[in-house]
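S.K.: I have a structure here, written as structure tokens, and I will follow up with some questions on it.
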Amino acid sequence: MNLSGNELKELLDSLVDKYNRQEFISDDPILIPHRFSDREDIEISGFLAALIAWGSRTAIIKAASFLMELMDNAPGEFIRSHEKADLKRFSKFVYRTMQPDDIRFIISALQRVYGEFGSLESLFTAGMSKDSTDVYPAISFAREELMKSPHQQRSCKHIADPGRNSAAKRINLFLRWMVRSDDRKVDFGLWKSIRPAQLICPLDIHTGNAARALAITSRNTNDRKTAEEITARLREFDPEDPVKYDFALFGFGKEMMRP
């Protein structure tokens, strides 16, 4: 699609208006944190739901809902106060390549970082400097801290590593939920120590295909460099809130798949 800059912005803005709406929450993994009102519950449920956000959205929501049930639908309290014996219940949790040992590691790692940092916001913010132009340093730092907990080698793949050129789609999705906000109230805007301008567009097959179709990127791989290139272009249209266009690219990408 060959559009001028103004035409592309108009199209993207119209798609944001179409998809950034409350009625889309019920069919999206962001539904999971929207079930909670406590800040800590929102943070933890959002992080866990985002970590398994691959596959069909229906399957993601079903798996994340089951995970919340295993945590007594009180994720904040469970993370802070669970004991080792409580981890046995996660033997029932399997989602695609995530096995019980993987989720037990993540639950244990979250308990440790909450004890050390107090919140996920503080964890990610500790990885940012005054000169950070995007959140990749924060993601790398948070991963490094989480991986300090005992784990099997197989569990490493469930927490993306930008240092290995991963786009870190799922963690960028979580950060979008926590950081950006607007009057539509789909995203939460709970975190104030990271600015929406520093966010990176979550890059998956749908947003990647849409970005290529709209000539936002010419790169063929959905990696960190492509995510950075897409986000840089989106900043031309809204330098303060470029990742609002995730709604547009994801929606357009889904539309492209329809027969």
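Each chain in the structure tokens gets a letter, A, B, ..., in the order shown, and its residues are numbered from 1; ligands are numbered from 1 in order too.
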Please provide as a PyMOL selection string all residues within 10 Å of Ala63 (chain A), with the sequence filter that same-chain residues fewer than 2 positions apart are discarded (counting only C-alpha atoms).
M.R.: chain A and resi 29+49+52-53+57-61+65-69+93-96
S.K.: For region 221-231 of chain A, please output as a list in words all residues within 7 Å (counting only C-alpha atoms; exclusion window: fewer than 6 positions along the same chain).
M.R.: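 The residues that qualify are Pro162, Asn165, Ser166, Ala167, Ile200, Cys201, Leu203, Asp204, Gly208 and Pro242 of chain A.
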S.K.: Pick the closest to Pro33 (chain A) from A:Val186, A:Val16, A:Ile79, A:Cys156: which is it, counting only C-alpha atoms?
M.R.: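 Closest candidate: A:Val186.
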S.K.: Where in region 145-187 of chain A does DSSP assign helix (DSSP H, G or I), given as a list of chain:residue names?
M.R.: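 Restricting region 145-187 of chain A to helix (DSSP H, G or I) produces A:Glu145, A:Leu146, A:Gln153, A:Arg154, A:Ser155, A:Cys156, A:Lys157, A:His158, A:Pro162, A:Gly163, A:Arg164, A:Lys169, A:Arg170, A:Ile171, A:Asn172, A:Leu173, A:Phe174, A:Leu175, A:Arg176, A:Trp177, A:Met178, A:Val179.
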S.K.: Of the residues A:Ser14, A:Thr133, A:Thr125, A:Ser149, which is the one nearest to Val179 (chain A), using only C-alpha atoms?
M.R.: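 Checking each candidate against Val179 (chain A), we get A:Thr125 as the closest.
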S.K.: Give me the residues near Pro150 (chain A) as a ChimeraX atom specification, where near means some atom within 12 Å (using only C-alpha atoms) and where sequence neighbours in that chain fewer than 4 positions away do not count.
M.R.: /A:101-102,104-110,112,145-146,154-156
S.K.: Would you kindly return, as a list of chain:residue names, each protein, DNA or RNA residue with an atom no farther than 10 Å from any atom of Lys88 (chain A), considering only C-alpha atoms and excluding same-chain residues fewer than 3 positions away?
M.R.: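 Near Lys88 (chain A), the qualifying residues are A:Glu83, A:Lys84, A:Ala85, A:Ser91, A:Lys92, A:Pro100, A:Asp101, A:Arg104.
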